[in-house]
file final_35.cif (mmCIF, N, CA and C atoms)
data_target
loop_
_atom_site.label_atom_id
_atom_site.label_comp_id
_atom_site.auth_asym_id
_atom_site.auth_seq_id
_atom_site.Cartn_x
_atom_site.Cartn_y
_atom_site.Cartn_z
N MET A 4 -13.18 10.84 5.93
CA MET A 4 -12.14 10.08 6.59
C MET A 4 -11.66 10.88 7.80
N ASP A 5 -11.55 10.20 8.92
CA ASP A 5 -11.14 10.90 10.13
C ASP A 5 -9.61 11.00 10.23
N THR A 6 -9.17 11.89 11.10
CA THR A 6 -7.73 12.14 11.22
C THR A 6 -6.99 10.94 11.79
N ARG A 7 -7.63 10.14 12.60
CA ARG A 7 -6.99 8.94 13.16
C ARG A 7 -6.62 7.98 12.04
N LYS A 8 -7.54 7.78 11.11
CA LYS A 8 -7.28 6.88 9.99
C LYS A 8 -6.19 7.45 9.08
N MET A 9 -6.23 8.76 8.84
CA MET A 9 -5.20 9.41 8.02
C MET A 9 -3.83 9.24 8.67
N ALA A 10 -3.75 9.42 9.99
CA ALA A 10 -2.48 9.29 10.70
C ALA A 10 -1.94 7.86 10.59
N LYS A 11 -2.83 6.88 10.65
CA LYS A 11 -2.43 5.48 10.52
C LYS A 11 -1.84 5.22 9.14
N ILE A 12 -2.44 5.80 8.12
CA ILE A 12 -1.95 5.65 6.75
C ILE A 12 -0.58 6.28 6.60
N PHE A 13 -0.45 7.51 7.07
CA PHE A 13 0.83 8.21 6.94
C PHE A 13 1.91 7.56 7.79
N LYS A 14 1.54 7.02 8.93
CA LYS A 14 2.51 6.32 9.77
C LYS A 14 3.02 5.08 9.05
N ALA A 15 2.11 4.35 8.42
CA ALA A 15 2.52 3.16 7.67
C ALA A 15 3.48 3.50 6.55
N LEU A 16 3.28 4.63 5.91
CA LEU A 16 4.13 5.03 4.79
C LEU A 16 5.37 5.80 5.21
N SER A 17 5.51 6.07 6.50
CA SER A 17 6.65 6.87 6.97
C SER A 17 7.95 6.06 7.05
N ASN A 18 7.85 4.75 7.03
CA ASN A 18 9.05 3.92 7.03
C ASN A 18 9.56 3.80 5.59
N GLU A 19 10.85 4.09 5.39
CA GLU A 19 11.43 4.11 4.04
C GLU A 19 11.29 2.77 3.31
N ASN A 20 11.57 1.67 3.99
CA ASN A 20 11.45 0.36 3.34
C ASN A 20 10.00 0.02 3.02
N ARG A 21 9.10 0.38 3.93
CA ARG A 21 7.68 0.10 3.72
C ARG A 21 7.14 0.94 2.57
N LEU A 22 7.56 2.19 2.49
CA LEU A 22 7.15 3.05 1.38
C LEU A 22 7.67 2.49 0.06
N GLU A 23 8.92 2.05 0.04
CA GLU A 23 9.49 1.46 -1.18
C GLU A 23 8.71 0.20 -1.58
N LEU A 24 8.38 -0.63 -0.61
CA LEU A 24 7.59 -1.83 -0.88
C LEU A 24 6.22 -1.46 -1.43
N TYR A 25 5.57 -0.48 -0.80
CA TYR A 25 4.25 -0.04 -1.28
C TYR A 25 4.33 0.49 -2.71
N LEU A 26 5.36 1.26 -3.01
CA LEU A 26 5.51 1.80 -4.37
C LEU A 26 5.75 0.69 -5.38
N LYS A 27 6.50 -0.34 -4.99
CA LYS A 27 6.71 -1.50 -5.89
C LYS A 27 5.39 -2.22 -6.13
N ILE A 28 4.59 -2.37 -5.08
CA ILE A 28 3.27 -3.01 -5.23
C ILE A 28 2.39 -2.16 -6.14
N ALA A 29 2.43 -0.84 -5.96
CA ALA A 29 1.63 0.06 -6.79
C ALA A 29 2.08 0.00 -8.26
N GLN A 30 3.40 -0.06 -8.48
CA GLN A 30 3.91 -0.17 -9.86
C GLN A 30 3.46 -1.47 -10.50
N ALA A 31 3.57 -2.57 -9.76
CA ALA A 31 3.15 -3.87 -10.27
C ALA A 31 1.64 -3.87 -10.51
N HIS A 32 0.92 -3.18 -9.65
CA HIS A 32 -0.53 -3.06 -9.77
C HIS A 32 -0.88 -2.38 -11.10
N GLU A 33 -0.20 -1.29 -11.39
CA GLU A 33 -0.44 -0.56 -12.64
C GLU A 33 -0.03 -1.39 -13.85
N ALA A 34 1.14 -2.03 -13.77
CA ALA A 34 1.64 -2.83 -14.89
C ALA A 34 0.77 -4.06 -15.14
N GLY A 35 0.18 -4.59 -14.06
CA GLY A 35 -0.62 -5.80 -14.19
C GLY A 35 -2.11 -5.55 -14.21
N PHE A 36 -2.52 -4.38 -14.63
CA PHE A 36 -3.94 -4.03 -14.58
C PHE A 36 -4.79 -5.04 -15.33
N GLU A 37 -4.31 -5.49 -16.49
CA GLU A 37 -5.10 -6.45 -17.26
C GLU A 37 -5.21 -7.80 -16.56
N ALA A 38 -4.31 -8.06 -15.62
CA ALA A 38 -4.35 -9.31 -14.86
C ALA A 38 -5.07 -9.10 -13.53
N GLY A 39 -5.86 -8.05 -13.42
CA GLY A 39 -6.60 -7.80 -12.19
C GLY A 39 -5.85 -6.93 -11.21
N GLY A 40 -4.72 -6.37 -11.63
CA GLY A 40 -3.96 -5.47 -10.77
C GLY A 40 -3.26 -6.15 -9.61
N GLN A 41 -3.06 -7.46 -9.71
CA GLN A 41 -2.44 -8.16 -8.60
C GLN A 41 -0.93 -8.13 -8.70
N CYS A 42 -0.31 -8.28 -7.57
CA CYS A 42 1.15 -8.24 -7.46
C CYS A 42 1.60 -9.44 -6.62
N TRP A 43 2.45 -10.28 -7.18
CA TRP A 43 3.00 -11.41 -6.44
C TRP A 43 4.19 -10.89 -5.64
N VAL A 44 4.14 -11.03 -4.32
CA VAL A 44 5.20 -10.53 -3.45
C VAL A 44 6.54 -11.16 -3.83
N SER A 45 6.54 -12.41 -4.23
CA SER A 45 7.79 -13.06 -4.61
C SER A 45 8.46 -12.36 -5.79
N ASP A 46 7.68 -11.76 -6.67
CA ASP A 46 8.23 -11.05 -7.83
C ASP A 46 8.93 -9.75 -7.43
N ILE A 47 8.44 -9.08 -6.41
CA ILE A 47 9.04 -7.79 -6.04
C ILE A 47 10.06 -7.91 -4.92
N SER A 48 10.02 -9.00 -4.16
CA SER A 48 10.96 -9.13 -3.05
C SER A 48 12.40 -9.20 -3.53
N ALA A 49 12.63 -9.71 -4.73
CA ALA A 49 13.99 -9.79 -5.28
C ALA A 49 14.55 -8.40 -5.57
N CYS A 50 13.69 -7.41 -5.80
CA CYS A 50 14.12 -6.04 -6.10
C CYS A 50 14.57 -5.29 -4.85
N LEU A 51 14.16 -5.74 -3.70
CA LEU A 51 14.42 -5.02 -2.46
C LEU A 51 15.51 -5.73 -1.65
N ASN A 52 16.30 -4.98 -0.95
CA ASN A 52 17.32 -5.55 -0.07
C ASN A 52 16.76 -5.73 1.32
N ILE A 53 15.66 -6.47 1.40
CA ILE A 53 14.96 -6.69 2.66
C ILE A 53 14.69 -8.19 2.77
N GLY A 54 14.92 -8.75 3.94
CA GLY A 54 14.65 -10.17 4.14
C GLY A 54 13.17 -10.48 4.16
N ALA A 55 12.85 -11.74 3.93
CA ALA A 55 11.45 -12.18 3.88
C ALA A 55 10.68 -11.86 5.16
N PRO A 56 11.24 -12.08 6.36
CA PRO A 56 10.47 -11.75 7.57
C PRO A 56 10.15 -10.26 7.67
N THR A 57 11.09 -9.43 7.23
CA THR A 57 10.86 -7.98 7.27
C THR A 57 9.81 -7.58 6.25
N ILE A 58 9.84 -8.18 5.08
CA ILE A 58 8.82 -7.90 4.07
C ILE A 58 7.45 -8.30 4.61
N SER A 59 7.37 -9.45 5.26
CA SER A 59 6.09 -9.89 5.85
C SER A 59 5.59 -8.87 6.88
N HIS A 60 6.50 -8.36 7.71
CA HIS A 60 6.11 -7.36 8.71
C HIS A 60 5.58 -6.09 8.01
N HIS A 61 6.28 -5.63 7.00
CA HIS A 61 5.87 -4.41 6.30
C HIS A 61 4.52 -4.61 5.59
N ILE A 62 4.33 -5.77 5.02
CA ILE A 62 3.04 -6.06 4.36
C ILE A 62 1.92 -6.04 5.39
N LYS A 63 2.18 -6.61 6.55
CA LYS A 63 1.17 -6.60 7.63
C LYS A 63 0.80 -5.17 8.01
N GLU A 64 1.80 -4.29 8.12
CA GLU A 64 1.54 -2.89 8.45
C GLU A 64 0.73 -2.19 7.35
N LEU A 65 1.04 -2.49 6.09
CA LEU A 65 0.29 -1.89 4.97
C LEU A 65 -1.15 -2.39 4.96
N VAL A 66 -1.35 -3.65 5.29
CA VAL A 66 -2.70 -4.21 5.37
C VAL A 66 -3.45 -3.57 6.53
N ASN A 67 -2.79 -3.43 7.69
CA ASN A 67 -3.43 -2.81 8.86
C ASN A 67 -3.86 -1.37 8.58
N ALA A 68 -3.11 -0.68 7.74
CA ALA A 68 -3.46 0.70 7.37
C ALA A 68 -4.45 0.72 6.21
N GLU A 69 -4.85 -0.46 5.75
CA GLU A 69 -5.80 -0.63 4.64
C GLU A 69 -5.29 -0.09 3.31
N LEU A 70 -3.97 0.04 3.17
CA LEU A 70 -3.39 0.51 1.92
C LEU A 70 -3.38 -0.59 0.86
N ILE A 71 -3.29 -1.84 1.31
CA ILE A 71 -3.31 -2.98 0.39
C ILE A 71 -4.19 -4.08 0.96
N THR A 72 -4.56 -5.00 0.10
CA THR A 72 -5.22 -6.23 0.52
C THR A 72 -4.35 -7.37 0.01
N THR A 73 -4.45 -8.51 0.67
CA THR A 73 -3.64 -9.66 0.28
C THR A 73 -4.48 -10.92 0.19
N GLN A 74 -3.92 -11.88 -0.51
CA GLN A 74 -4.55 -13.20 -0.61
C GLN A 74 -3.45 -14.21 -0.80
N LYS A 75 -3.53 -15.33 -0.08
CA LYS A 75 -2.56 -16.41 -0.25
C LYS A 75 -3.03 -17.33 -1.36
N LYS A 76 -2.08 -17.71 -2.21
CA LYS A 76 -2.32 -18.74 -3.23
C LYS A 76 -1.21 -19.76 -3.06
N GLY A 77 -1.54 -20.83 -2.35
CA GLY A 77 -0.52 -21.82 -2.00
C GLY A 77 0.48 -21.19 -1.06
N LYS A 78 1.76 -21.25 -1.42
CA LYS A 78 2.78 -20.63 -0.57
C LYS A 78 3.11 -19.21 -0.99
N PHE A 79 2.39 -18.68 -1.96
CA PHE A 79 2.64 -17.34 -2.47
C PHE A 79 1.60 -16.35 -1.94
N LEU A 80 2.01 -15.08 -1.89
CA LEU A 80 1.13 -14.02 -1.42
C LEU A 80 0.93 -13.02 -2.55
N ILE A 81 -0.31 -12.66 -2.76
CA ILE A 81 -0.66 -11.68 -3.80
C ILE A 81 -1.19 -10.44 -3.10
N CYS A 82 -0.79 -9.26 -3.59
CA CYS A 82 -1.23 -7.99 -3.01
C CYS A 82 -1.96 -7.16 -4.05
N TRP A 83 -2.92 -6.39 -3.58
CA TRP A 83 -3.63 -5.42 -4.41
C TRP A 83 -3.61 -4.08 -3.69
N VAL A 84 -3.49 -3.03 -4.45
CA VAL A 84 -3.58 -1.68 -3.91
C VAL A 84 -5.06 -1.38 -3.64
N ASN A 85 -5.34 -0.76 -2.52
CA ASN A 85 -6.70 -0.34 -2.18
C ASN A 85 -6.95 1.01 -2.87
N GLU A 86 -7.46 0.95 -4.09
CA GLU A 86 -7.64 2.16 -4.88
C GLU A 86 -8.64 3.14 -4.25
N GLN A 87 -9.66 2.62 -3.60
CA GLN A 87 -10.65 3.49 -2.98
C GLN A 87 -10.01 4.32 -1.86
N LEU A 88 -9.14 3.70 -1.09
CA LEU A 88 -8.47 4.43 -0.01
C LEU A 88 -7.59 5.54 -0.58
N ILE A 89 -6.88 5.26 -1.65
CA ILE A 89 -6.02 6.27 -2.28
C ILE A 89 -6.88 7.43 -2.78
N THR A 90 -8.02 7.12 -3.35
CA THR A 90 -8.95 8.16 -3.81
C THR A 90 -9.42 9.01 -2.64
N ASP A 91 -9.78 8.35 -1.53
CA ASP A 91 -10.26 9.07 -0.34
C ASP A 91 -9.18 9.98 0.24
N VAL A 92 -7.95 9.47 0.33
CA VAL A 92 -6.84 10.28 0.86
C VAL A 92 -6.58 11.47 -0.06
N SER A 93 -6.60 11.22 -1.35
CA SER A 93 -6.37 12.30 -2.32
C SER A 93 -7.43 13.39 -2.18
N ARG A 94 -8.68 12.99 -2.03
CA ARG A 94 -9.76 13.97 -1.84
C ARG A 94 -9.56 14.78 -0.57
N MET A 95 -9.16 14.09 0.50
CA MET A 95 -8.94 14.77 1.77
C MET A 95 -7.80 15.78 1.65
N LEU A 96 -6.73 15.40 0.98
CA LEU A 96 -5.60 16.31 0.80
C LEU A 96 -5.98 17.48 -0.10
N ASP A 97 -6.76 17.21 -1.14
CA ASP A 97 -7.23 18.29 -2.01
C ASP A 97 -8.10 19.28 -1.23
N LEU A 98 -8.95 18.75 -0.37
CA LEU A 98 -9.81 19.60 0.45
C LEU A 98 -8.97 20.47 1.37
N GLN A 99 -7.97 19.87 2.02
CA GLN A 99 -7.09 20.63 2.91
C GLN A 99 -6.34 21.71 2.13
N HIS A 100 -5.90 21.37 0.94
CA HIS A 100 -5.16 22.33 0.10
C HIS A 100 -6.09 23.52 -0.26
N SER A 101 -7.33 23.20 -0.60
CA SER A 101 -8.29 24.26 -0.97
C SER A 101 -8.59 25.18 0.21
N ILE A 102 -8.69 24.60 1.40
CA ILE A 102 -8.98 25.38 2.60
C ILE A 102 -7.82 26.31 2.93
N ASN A 103 -6.59 25.86 2.71
CA ASN A 103 -5.41 26.62 3.07
C ASN A 103 -4.99 27.64 2.03
N LYS A 104 -5.69 27.74 0.92
CA LYS A 104 -5.34 28.73 -0.11
C LYS A 104 -5.69 30.12 0.32
#

call {"tool": "encode", "arguments": {"input": "final_35.cif", "output": "structure tokens"}}
result
Amino acid sequence: MDTRKMAKIFKALSNENRLELYLKIAQAHEAGFEAGGQCWVSDISACLNIGAPTISHHIKELVNAELITTQKKGKFLICWVNEQLITDVSRMLDLQHSINK
């Protein structure tokens, strides 16, 4: 993974509301593993003090950073965590940690 892609990921997660939204999606992903790890945005939006247009903007940024994928089902939006990307970032950070020891 190149540094440009890493910077895009970290930039997406640097916003407090976006990070909170991502963590809620990740929690729902883990809790709903037997249901395919999907997260209905309508289920988590009630937990956050963020308006629907702002949530849509943050989801777009998370998708652009490839942290999540989405799918529309009627008027609802479903999100999935990109597990492969998280694995890649973790490996990159582990590598950097090993180099700096």

call {"tool": "atom_distance", "arguments": {"input": "final_35.cif", "atom1": "atom CA of A:Ser48", "atom2": "atom CA of A:Ser17"}}
result
19.4 Å

call {"tool": "atom_distance", "arguments": {"input": "final_35.cif", "atom1": "atom CA of A:Val44", "atom2": "atom CA of A:Ile28"}}
result
8.0 Å

call {"tool": "resolve_selection", "arguments": {"input": "final_35.cif", "expression": "the PyMOL selection byres ((chain A and resi 70) around 7)", "output": "PyMOL selection string"}}
result
chain A and resi 12+64-69+71-72+83-86+88-89

call {"tool": "resolve_selection", "arguments": {"input": "final_35.cif", "expression": "the PyMOL selection byres ((chain A and resi 81) around 6)", "output": "PyMOL selection string"}}
result
chain A and resi 42-44+72-76+79-80+82-83

call {"tool": "atom_distance", "arguments": {"input": "final_35.cif", "atom1": "atom CA of A:Asn20", "atom2": "atom C of A:Asp97"}}
result
27.6 Å

call {"tool": "closest_residue", "arguments": {"input": "final_35.cif", "among": "A:Val92, A:Asp5, A:Glu23, A:Asn18", "to": "A:Leu51", "atoms": "only N, CA and C atoms"}}
result
A:Glu23

call {"tool": "select_by_dssp", "arguments": {"input": "final_35.cif", "residues": "stretch 8-103 of chain A", "states": "helix (DSSP H, G or I)", "output": "ChimeraX atom specification"}}
result
/A:8-16,19-34,36-38,44-48,55-67,86-102

call {"tool": "residues_near_point", "arguments": {"input": "final_35.cif", "point": "(-6.4, 14.9, 5.3)", "cutoff": "8 Å", "atoms": "only N, CA and C atoms", "output": "list in words"}}
result
Met4, Asp5, Thr6, Met9, Ala10, Asp91, Val92, Ser93, Arg94, Met95, Leu96, Asp97, Leu98, Gln99 and His100 of chain A

call {"tool": "write_last_selection", "arguments": {"input": "final_35.cif", "atoms": "N, CA and C atoms", "output": "PDB file, in the frame of the given file"}}
result
ATOM      1  N   MET A   4     -13.180  10.840   5.930  1.00  0.00           N
ATOM      2  CA  MET A   4     -12.140  10.080   6.590  1.00  0.00           C
ATOM      3  C   MET A   4     -11.660  10.880   7.800  1.00  0.00           C
ATOM      4  N   ASP A   5     -11.550  10.200   8.920  1.00  0.00           N
ATOM      5  CA  ASP A   5     -11.140  10.900  10.130  1.00  0.00           C
ATOM      6  C   ASP A   5      -9.610  11.000  10.230  1.00  0.00           C
ATOM      7  N   THR A   6      -9.170  11.890  11.100  1.00  0.00           N
ATOM      8  CA  THR A   6      -7.730  12.140  11.220  1.00  0.00           C
ATOM      9  C   THR A   6      -6.990  10.940  11.790  1.00  0.00           C
ATOM     10  N   MET A   9      -6.230   8.760   8.840  1.00  0.00           N
ATOM     11  CA  MET A   9      -5.200   9.410   8.020  1.00  0.00           C
ATOM     12  C   MET A   9      -3.830   9.240   8.670  1.00  0.00           C
ATOM     13  N   ALA A  10      -3.750   9.420   9.990  1.00  0.00           N
ATOM     14  CA  ALA A  10      -2.480   9.290  10.700  1.00  0.00           C
ATOM     15  C   ALA A  10      -1.940   7.860  10.590  1.00  0.00           C
ATOM     16  N   ASP A  91      -9.780   8.350  -1.530  1.00  0.00           N
ATOM     17  CA  ASP A  91     -10.260   9.070  -0.340  1.00  0.00           C
ATOM     18  C   ASP A  91      -9.180   9.980   0.240  1.00  0.00           C
ATOM     19  N   VAL A  92      -7.950   9.470   0.330  1.00  0.00           N
ATOM     20  CA  VAL A  92      -6.840  10.280   0.860  1.00  0.00           C
ATOM     21  C   VAL A  92      -6.580  11.470  -0.060  1.00  0.00           C
ATOM     22  N   SER A  93      -6.600  11.220  -1.350  1.00  0.00           N
ATOM     23  CA  SER A  93      -6.370  12.300  -2.320  1.00  0.00           C
ATOM     24  C   SER A  93      -7.430  13.390  -2.180  1.00  0.00           C
ATOM     25  N   ARG A  94      -8.680  12.990  -2.030  1.00  0.00           N
ATOM     26  CA  ARG A  94      -9.760  13.970  -1.840  1.00  0.00           C
ATOM     27  C   ARG A  94      -9.560  14.780  -0.570  1.00  0.00           C
ATOM     28  N   MET A  95      -9.160  14.090   0.500  1.00  0.00           N
ATOM     29  CA  MET A  95      -8.940  14.770   1.770  1.00  0.00           C
ATOM     30  C   MET A  95      -7.800  15.780   1.650  1.00  0.00           C
ATOM     31  N   LEU A  96      -6.730  15.400   0.980  1.00  0.00           N
ATOM     32  CA  LEU A  96      -5.600  16.310   0.800  1.00  0.00           C
ATOM     33  C   LEU A  96      -5.980  17.480  -0.100  1.00  0.00           C
ATOM     34  N   ASP A  97      -6.760  17.210  -1.140  1.00  0.00           N
ATOM     35  CA  ASP A  97      -7.230  18.290  -2.010  1.00  0.00           C
ATOM     36  C   ASP A  97      -8.100  19.280  -1.230  1.00  0.00           C
ATOM     37  N   LEU A  98      -8.950  18.750  -0.370  1.00  0.00           N
ATOM     38  CA  LEU A  98      -9.810  19.600   0.450  1.00  0.00           C
ATOM     39  C   LEU A  98      -8.970  20.470   1.370  1.00  0.00           C
ATOM     40  N   GLN A  99      -7.970  19.870   2.020  1.00  0.00           N
ATOM     41  CA  GLN A  99      -7.090  20.630   2.910  1.00  0.00           C
ATOM     42  C   GLN A  99      -6.340  21.710   2.130  1.00  0.00           C
ATOM     43  N   HIS A 100      -5.900  21.370   0.940  1.00  0.00           N
ATOM     44  CA  HIS A 100      -5.160  22.330   0.100  1.00  0.00           C
ATOM     45  C   HIS A 100      -6.090  23.520  -0.260  1.00  0.00           C
TER      46      HIS A 100
END

call {"tool": "select_by_dssp", "arguments": {"input": "final_35.cif", "residues": "chain A", "states": "strand (DSSP E)", "output": "PyMOL selection string"}}
result
chain A and resi 42-43+71-76+79-84
